[in-house]
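Taking it in order: structure first as structure tokens, then the write-up.
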Amino acid sequence: MELSLTTRTVAGHTVLEVGGEVDVYTAPRLRERLIELVDAGSRDVVVDLERVDFLDSTGLGVLVGALKRLRTAHGTFGLVCSKEPLLKIFRITALDQVFPIFPTVDAATERDGSGPAS
Amino acid sequence: MATVRLSFSPAPVHVRTARLVGVAVARRAGVAEELLDEVRLAIGEACTRAVTLHRQYGLTDLVTVEMSDSDSYTVRVIDHAPIEASVGLTKLPPDELAAESLTDDALTTGVGFALLAGFVDDLQVRPVDDGPGTEVRMVWPVTRR
């Protein structure tokens, strides 16, 4: 399934909903969109992975890049993910210790919900 | 012993094709359904690594994926990049993953290896027999013959 990217605003956060497959072919589009959002002034960014069917190391690298970019910009960055196969990927790579991961968009966008990009 | 061999030019767009074929052959070989997500991810990571190396070194050689279903399901992903490139295969500790000093390429390589090592119990990375290159060999059990 092709990559889909949709942006909306929830409780002052920019929520980027990602769908489909994030891999070495499609990850550059995700990277570009995240850079656009930060360049346009978004500082509290949540990436919703609930509709992602596939995520590889390239996609994970893009997410880390966004976290670093927002850390530099004194923003916050969080992920929404409740699917066990994806959560296992975060655990195996130890990136669950790097990203704030929330089960729902509501949880991620609550006041002080998404952690500092650190 | 049925073997499927797929060769593709080192372009990111073809990695998905390799994943799809790899999973289709795995299913037919009798790999358990609950392992297929891991098979898909591991084949994707191995192919991504090969494509990335070929592009880094400006190589147009084809990347080869060989699938065999004799007593188990064996997948070999073969690149033709200089052997020393494989030295980058190291798992990164958590506190280095988001370090500013870590380049995007190094991060992706480290994370990719962590996924391969994490999802494949029987994993070997070794030089190819002839010429430059590395073979990533992954084996999964089959539950029916």
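Ligands are numbered from 1 in the order shown, chains are lettered A, B, ... in the order of the structure tokens, and residues start at 1 in each chain.
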
Item to complete: Write out as a PyMOL selection string every residue belonging to chain A that has an atom at most 10 Å from any atom of chain B, counting only C-alpha atoms.
Response: chain A and resi 1+21+23-26+53-62+64-65+67-69+72+85+88-99+117-118

Store the residues picked out above in a file with N, CA and C atoms, as a compact mmCIF listing (two decimals), in the first residue's frame.
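Once written, part_31.txt looks like this:
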```txt
# COMPACT_ATOMS: atom_id res chain seq x y z
N MET A 1 0.84 -1.20 0.00
CA MET A 1 0.00 0.00 0.00
C MET A 1 0.87 1.24 0.00
N GLU A 21 2.92 1.90 3.82
CA GLU A 21 4.24 1.33 4.08
C GLU A 21 5.31 2.43 4.12
N ASP A 23 9.11 2.70 4.02
CA ASP A 23 10.34 1.94 3.79
C ASP A 23 11.36 2.80 3.05
N VAL A 24 12.40 2.15 2.55
CA VAL A 24 13.51 2.89 1.93
C VAL A 24 13.02 3.70 0.72
N TYR A 25 11.92 3.28 0.11
CA TYR A 25 11.39 4.00 -1.06
C TYR A 25 10.51 5.18 -0.65
N THR A 26 9.68 4.98 0.36
CA THR A 26 8.70 6.02 0.71
C THR A 26 9.16 6.94 1.84
N ASP A 53 1.23 -0.04 7.88
CA ASP A 53 1.28 -1.50 7.71
C ASP A 53 2.70 -2.05 7.82
N PHE A 54 3.66 -1.17 7.55
CA PHE A 54 5.05 -1.64 7.51
C PHE A 54 5.97 -0.47 7.82
N LEU A 55 6.95 -0.72 8.68
CA LEU A 55 7.90 0.33 9.07
C LEU A 55 9.28 -0.30 9.18
N ASP A 56 10.25 0.25 8.46
CA ASP A 56 11.59 -0.34 8.52
C ASP A 56 12.59 0.64 9.11
N SER A 57 13.87 0.28 9.06
CA SER A 57 14.91 1.10 9.69
C SER A 57 14.99 2.49 9.06
N THR A 58 14.70 2.58 7.77
CA THR A 58 14.74 3.90 7.12
C THR A 58 13.68 4.81 7.70
N GLY A 59 12.49 4.27 7.90
CA GLY A 59 11.41 5.05 8.50
C GLY A 59 11.73 5.44 9.93
N LEU A 60 12.32 4.51 10.67
CA LEU A 60 12.72 4.81 12.05
C LEU A 60 13.75 5.93 12.06
N GLY A 61 14.68 5.90 11.10
CA GLY A 61 15.69 6.95 11.00
C GLY A 61 15.07 8.31 10.75
N VAL A 62 14.03 8.34 9.93
CA VAL A 62 13.33 9.59 9.66
C VAL A 62 12.66 10.13 10.93
N VAL A 64 13.59 9.56 14.03
CA VAL A 64 14.63 10.07 14.92
C VAL A 64 15.11 11.45 14.43
N GLY A 65 15.22 11.60 13.12
CA GLY A 65 15.62 12.89 12.58
C GLY A 65 14.64 13.99 12.96
N LEU A 67 12.67 13.98 15.60
CA LEU A 67 12.82 14.21 17.04
C LEU A 67 13.99 15.16 17.32
N LYS A 68 15.10 14.91 16.63
CA LYS A 68 16.28 15.78 16.82
C LYS A 68 16.00 17.20 16.34
N ARG A 69 15.29 17.29 15.23
CA ARG A 69 15.00 18.62 14.68
C ARG A 69 14.12 19.42 15.65
N THR A 72 16.06 20.58 18.72
CA THR A 72 16.82 21.79 18.42
C THR A 72 15.91 23.01 18.43
N PRO A 85 2.95 -5.48 16.58
CA PRO A 85 4.11 -5.68 15.68
C PRO A 85 5.01 -4.44 15.58
N LYS A 88 6.88 -3.87 18.87
CA LYS A 88 8.02 -4.79 18.98
C LYS A 88 9.24 -4.23 18.26
N ILE A 89 9.01 -3.58 17.14
CA ILE A 89 10.11 -2.96 16.39
C ILE A 89 10.78 -1.88 17.24
N PHE A 90 9.98 -1.10 17.93
CA PHE A 90 10.55 -0.05 18.79
C PHE A 90 11.33 -0.66 19.96
N ARG A 91 10.79 -1.77 20.51
CA ARG A 91 11.49 -2.40 21.63
C ARG A 91 12.82 -3.00 21.18
N ILE A 92 12.81 -3.72 20.06
CA ILE A 92 14.02 -4.41 19.60
C ILE A 92 15.14 -3.41 19.31
N THR A 93 14.78 -2.26 18.80
CA THR A 93 15.80 -1.26 18.44
C THR A 93 16.12 -0.34 19.61
N ALA A 94 15.43 -0.52 20.74
CA ALA A 94 15.59 0.32 21.94
C ALA A 94 15.07 1.74 21.69
N LEU A 95 14.39 1.94 20.58
CA LEU A 95 13.85 3.28 20.31
C LEU A 95 12.62 3.58 21.17
N ASP A 96 12.10 2.55 21.85
CA ASP A 96 11.01 2.82 22.81
C ASP A 96 11.54 3.63 23.99
N GLN A 97 12.86 3.65 24.15
CA GLN A 97 13.46 4.46 25.21
C GLN A 97 13.82 5.86 24.71
N VAL A 98 13.62 6.08 23.45
CA VAL A 98 13.96 7.38 22.85
C VAL A 98 12.70 8.20 22.57
N PHE A 99 11.67 7.55 22.06
CA PHE A 99 10.42 8.24 21.71
C PHE A 99 9.38 8.14 22.82
N ALA A 117 11.26 16.80 23.33
CA ALA A 117 12.04 16.10 22.30
C ALA A 117 13.46 15.92 22.81
N SER A 118 13.62 15.01 23.74
CA SER A 118 14.94 14.82 24.31
C SER A 118 15.27 13.34 24.32
```

Item to complete: Pick out the residues sitting within 7 Å of Leu62 in chain B, and hand them over as a list in words; count only C-alpha atoms, and ignore anything fewer than 5 positions along from it in its own chain.
Response: Ser7, Phe8, Ser9 and Pro10 of chain B

Write the selection just made, keeping all heavy atoms, as a PDB file, in the first residue's frame?
```
ATOM      1  N   SER B   7      16.627 -11.159  -8.868  1.00  0.00           N
ATOM      2  CA  SER B   7      17.696 -10.157  -8.933  1.00  0.00           C
ATOM      3  C   SER B   7      17.087  -8.839  -9.353  1.00  0.00           C
ATOM      4  O   SER B   7      16.220  -8.794 -10.233  1.00  0.00           O
ATOM      5  CB  SER B   7      18.761 -10.582  -9.947  1.00  0.00           C
ATOM      6  OG  SER B   7      19.442 -11.720  -9.497  1.00  0.00           O
ATOM      7  N   PHE B   8      17.529  -7.774  -8.713  1.00  0.00           N
ATOM      8  CA  PHE B   8      16.954  -6.473  -9.051  1.00  0.00           C
ATOM      9  C   PHE B   8      18.012  -5.380  -9.022  1.00  0.00           C
ATOM     10  O   PHE B   8      19.000  -5.482  -8.274  1.00  0.00           O
ATOM     11  CB  PHE B   8      15.770  -6.144  -8.124  1.00  0.00           C
ATOM     12  CG  PHE B   8      16.113  -6.067  -6.659  1.00  0.00           C
ATOM     13  CD1 PHE B   8      16.450  -4.857  -6.063  1.00  0.00           C
ATOM     14  CD2 PHE B   8      16.072  -7.207  -5.856  1.00  0.00           C
ATOM     15  CE1 PHE B   8      16.750  -4.782  -4.717  1.00  0.00           C
ATOM     16  CE2 PHE B   8      16.379  -7.141  -4.499  1.00  0.00           C
ATOM     17  CZ  PHE B   8      16.716  -5.923  -3.938  1.00  0.00           C
ATOM     18  N   SER B   9      17.805  -4.364  -9.832  1.00  0.00           N
ATOM     19  CA  SER B   9      18.736  -3.238  -9.832  1.00  0.00           C
ATOM     20  C   SER B   9      18.622  -2.527  -8.491  1.00  0.00           C
ATOM     21  O   SER B   9      17.552  -2.532  -7.867  1.00  0.00           O
ATOM     22  CB  SER B   9      18.428  -2.294 -11.000  1.00  0.00           C
ATOM     23  OG  SER B   9      17.107  -1.847 -10.928  1.00  0.00           O
ATOM     24  N   PRO B  10      19.734  -1.920  -8.022  1.00  0.00           N
ATOM     25  CA  PRO B  10      19.744  -1.384  -6.654  1.00  0.00           C
ATOM     26  C   PRO B  10      18.956  -0.087  -6.525  1.00  0.00           C
ATOM     27  O   PRO B  10      19.521   0.982  -6.302  1.00  0.00           O
ATOM     28  CB  PRO B  10      21.236  -1.197  -6.369  1.00  0.00           C
ATOM     29  CG  PRO B  10      21.842  -0.985  -7.712  1.00  0.00           C
ATOM     30  CD  PRO B  10      21.046  -1.806  -8.682  1.00  0.00           C
TER      31      PRO B  10
END
```

Practice prompt. Run DSSP on the backbone and grab whatever in chain B lands in strand (DSSP E or B); send it over as JSON, numbers by chain.
Written response: {"B": [3, 4, 5, 6, 7, 8, 63, 64, 65, 66, 67, 68, 72, 73, 74, 75, 76, 77, 78, 122, 123, 124, 125, 126, 127, 134, 135, 136, 137, 138, 139, 140, 141]}

For the residues selected in the previous step, produce a file with N, CA, C and O atoms as a short mmCIF file (atom, residue, chain, number, x, y, z; two decimals), in the first residue's frame.
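Everything below was put into again.cif:
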```cif
data_model
loop_
_atom_site.label_atom_id
_atom_site.label_comp_id
_atom_site.auth_asym_id
_atom_site.auth_seq_id
_atom_site.Cartn_x
_atom_site.Cartn_y
_atom_site.Cartn_z
N THR B 3 13.78 -23.57 -5.42
CA THR B 3 14.48 -22.32 -5.14
C THR B 3 13.91 -21.24 -6.04
O THR B 3 13.69 -21.45 -7.22
N VAL B 4 13.67 -20.09 -5.44
CA VAL B 4 13.28 -18.92 -6.22
C VAL B 4 14.41 -17.93 -6.12
O VAL B 4 14.91 -17.64 -5.03
N ARG B 5 14.85 -17.43 -7.26
CA ARG B 5 15.93 -16.44 -7.26
C ARG B 5 15.42 -15.15 -7.92
O ARG B 5 14.82 -15.18 -8.99
N LEU B 6 15.66 -14.04 -7.24
CA LEU B 6 15.21 -12.74 -7.72
C LEU B 6 16.41 -11.81 -7.74
O LEU B 6 17.14 -11.72 -6.75
N SER B 7 16.63 -11.16 -8.87
CA SER B 7 17.70 -10.16 -8.93
C SER B 7 17.09 -8.84 -9.35
O SER B 7 16.22 -8.79 -10.23
N PHE B 8 17.53 -7.77 -8.71
CA PHE B 8 16.95 -6.47 -9.05
C PHE B 8 18.01 -5.38 -9.02
O PHE B 8 19.00 -5.48 -8.27
N VAL B 63 21.24 -6.71 -7.10
CA VAL B 63 21.16 -7.35 -5.78
C VAL B 63 20.40 -8.65 -5.98
O VAL B 63 19.41 -8.70 -6.71
N THR B 64 20.87 -9.71 -5.36
CA THR B 64 20.24 -11.02 -5.56
C THR B 64 19.61 -11.53 -4.26
O THR B 64 20.21 -11.42 -3.19
N VAL B 65 18.42 -12.06 -4.39
CA VAL B 65 17.74 -12.69 -3.26
C VAL B 65 17.43 -14.13 -3.67
O VAL B 65 16.79 -14.36 -4.69
N GLU B 66 17.92 -15.08 -2.89
CA GLU B 66 17.66 -16.49 -3.18
C GLU B 66 16.85 -17.10 -2.04
O GLU B 66 17.21 -16.95 -0.87
N MET B 67 15.77 -17.76 -2.41
CA MET B 67 14.90 -18.37 -1.41
C MET B 67 14.86 -19.87 -1.63
O MET B 67 14.64 -20.32 -2.75
N SER B 68 15.07 -20.60 -0.55
CA SER B 68 15.11 -22.05 -0.66
C SER B 68 14.27 -22.67 0.45
O SER B 68 14.29 -22.20 1.59
N SER B 72 14.19 -26.13 5.78
CA SER B 72 13.78 -24.91 6.45
C SER B 72 13.65 -23.85 5.35
O SER B 72 13.90 -24.13 4.18
N TYR B 73 13.23 -22.65 5.75
CA TYR B 73 13.13 -21.58 4.74
C TYR B 73 14.38 -20.72 4.85
O TYR B 73 14.59 -20.05 5.86
N THR B 74 15.20 -20.76 3.83
CA THR B 74 16.47 -20.03 3.85
C THR B 74 16.44 -18.92 2.80
O THR B 74 16.09 -19.16 1.64
N VAL B 75 16.78 -17.72 3.22
CA VAL B 75 16.84 -16.58 2.31
C VAL B 75 18.25 -16.03 2.35
O VAL B 75 18.81 -15.78 3.43
N ARG B 76 18.84 -15.86 1.17
CA ARG B 76 20.18 -15.26 1.09
C ARG B 76 20.06 -13.97 0.28
O ARG B 76 19.54 -13.99 -0.84
N VAL B 77 20.52 -12.89 0.85
CA VAL B 77 20.53 -11.60 0.14
C VAL B 77 21.99 -11.24 -0.11
O VAL B 77 22.79 -11.15 0.82
N ILE B 78 22.33 -11.07 -1.38
CA ILE B 78 23.73 -10.95 -1.77
C ILE B 78 23.99 -9.59 -2.42
O ILE B 78 23.30 -9.20 -3.38
N ASP B 122 18.35 -17.34 13.33
CA ASP B 122 19.46 -17.96 12.60
C ASP B 122 19.92 -16.98 11.52
O ASP B 122 19.39 -16.96 10.41
N LEU B 123 20.90 -16.15 11.86
CA LEU B 123 21.36 -15.08 10.97
C LEU B 123 22.87 -15.19 10.80
O LEU B 123 23.61 -15.33 11.77
N GLN B 124 23.31 -15.13 9.55
CA GLN B 124 24.76 -15.10 9.28
C GLN B 124 25.05 -13.98 8.29
O GLN B 124 24.32 -13.82 7.31
N VAL B 125 26.11 -13.24 8.54
CA VAL B 125 26.58 -12.23 7.59
C VAL B 125 28.01 -12.61 7.25
O VAL B 125 28.86 -12.67 8.14
N ARG B 126 28.27 -12.91 5.97
CA ARG B 126 29.61 -13.39 5.63
C ARG B 126 29.99 -12.93 4.22
O ARG B 126 29.09 -12.61 3.42
N PRO B 127 31.29 -12.91 3.92
CA PRO B 127 31.71 -12.52 2.58
C PRO B 127 31.20 -13.52 1.54
O PRO B 127 31.07 -14.71 1.84
N THR B 134 28.84 -9.21 0.23
CA THR B 134 28.43 -9.84 1.48
C THR B 134 27.14 -10.60 1.25
O THR B 134 26.31 -10.19 0.45
N GLU B 135 27.02 -11.71 1.96
CA GLU B 135 25.78 -12.49 1.92
C GLU B 135 25.13 -12.43 3.30
O GLU B 135 25.78 -12.73 4.30
N VAL B 136 23.89 -12.00 3.34
CA VAL B 136 23.11 -12.06 4.57
C VAL B 136 22.21 -13.29 4.45
O VAL B 136 21.36 -13.36 3.56
N ARG B 137 22.44 -14.25 5.34
CA ARG B 137 21.71 -15.52 5.26
C ARG B 137 20.78 -15.64 6.46
O ARG B 137 21.21 -15.51 7.60
N MET B 138 19.51 -15.86 6.17
CA MET B 138 18.50 -15.93 7.23
C MET B 138 17.74 -17.25 7.08
O MET B 138 17.37 -17.62 5.97
N VAL B 139 17.48 -17.89 8.21
CA VAL B 139 16.79 -19.18 8.16
C VAL B 139 15.61 -19.17 9.13
O VAL B 139 15.76 -18.73 10.28
N TRP B 140 14.47 -19.65 8.65
CA TRP B 140 13.30 -19.80 9.52
C TRP B 140 12.79 -21.25 9.44
O TRP B 140 12.90 -21.88 8.39
N PRO B 141 12.22 -21.72 10.52
CA PRO B 141 11.67 -23.09 10.50
C PRO B 141 10.39 -23.16 9.66
O PRO B 141 9.67 -22.16 9.53
#
```

Worksheet item: Residues at most 9 Å from His80 in chain B, counting only C-alpha atoms, excluding those fewer than 3 positions away in the same chain, as a ChimeraX atom specification?
Response: /B:50,53-54,59,61-63,83,128,131-135

Worksheet item: Smallest atom-to-atom distance to Ile35 in chain A: which of A:Thr9, A:Val18, A:Leu49, A:Leu63, using only C-alpha atoms?
Response: A:Leu63

Discussion item. For a test of reading the model, state the distance in Å between CA of Ala66 in chain A and CA of Glu84 in chain A, rounded to one decimal.
Written reply: 22.8 Å

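The gap separating CA of Val15 in chain A from CA of Glu32 in chain A is 15.2 Å, in Å to one decimal.
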
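If you count only C-alpha atoms and ignore residues fewer than 6 places along the chain from range 20-23 of chain B, what sits within 7 Å of it is Leu36, Val39, Arg40 and Ile43 of chain B.
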
Go ahead and save the picked residues with C-alpha atoms, as a compact mmCIF listing (two decimals), in the first residue's frame.
```txt
# COMPACT_ATOMS: atom_id res chain seq x y z
CA LEU B 36 5.54 -13.82 8.24
CA VAL B 39 10.16 -12.53 7.51
CA ARG B 40 8.86 -9.52 5.61
CA ILE B 43 14.07 -9.53 4.02
```

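For the choices A:Thr14, A:Val105, A:Gly19, A:Arg31, the atom-to-atom distance to Thr76 in chain A is smallest for A:Thr14 when using only C-alpha atoms.
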
Worksheet item: Looking at only C-alpha atoms, which of A:Val22, A:Val10, A:Ala27, A:Leu70 is the one that sits closest to Arg51 in chain A?
Response: A:Val22
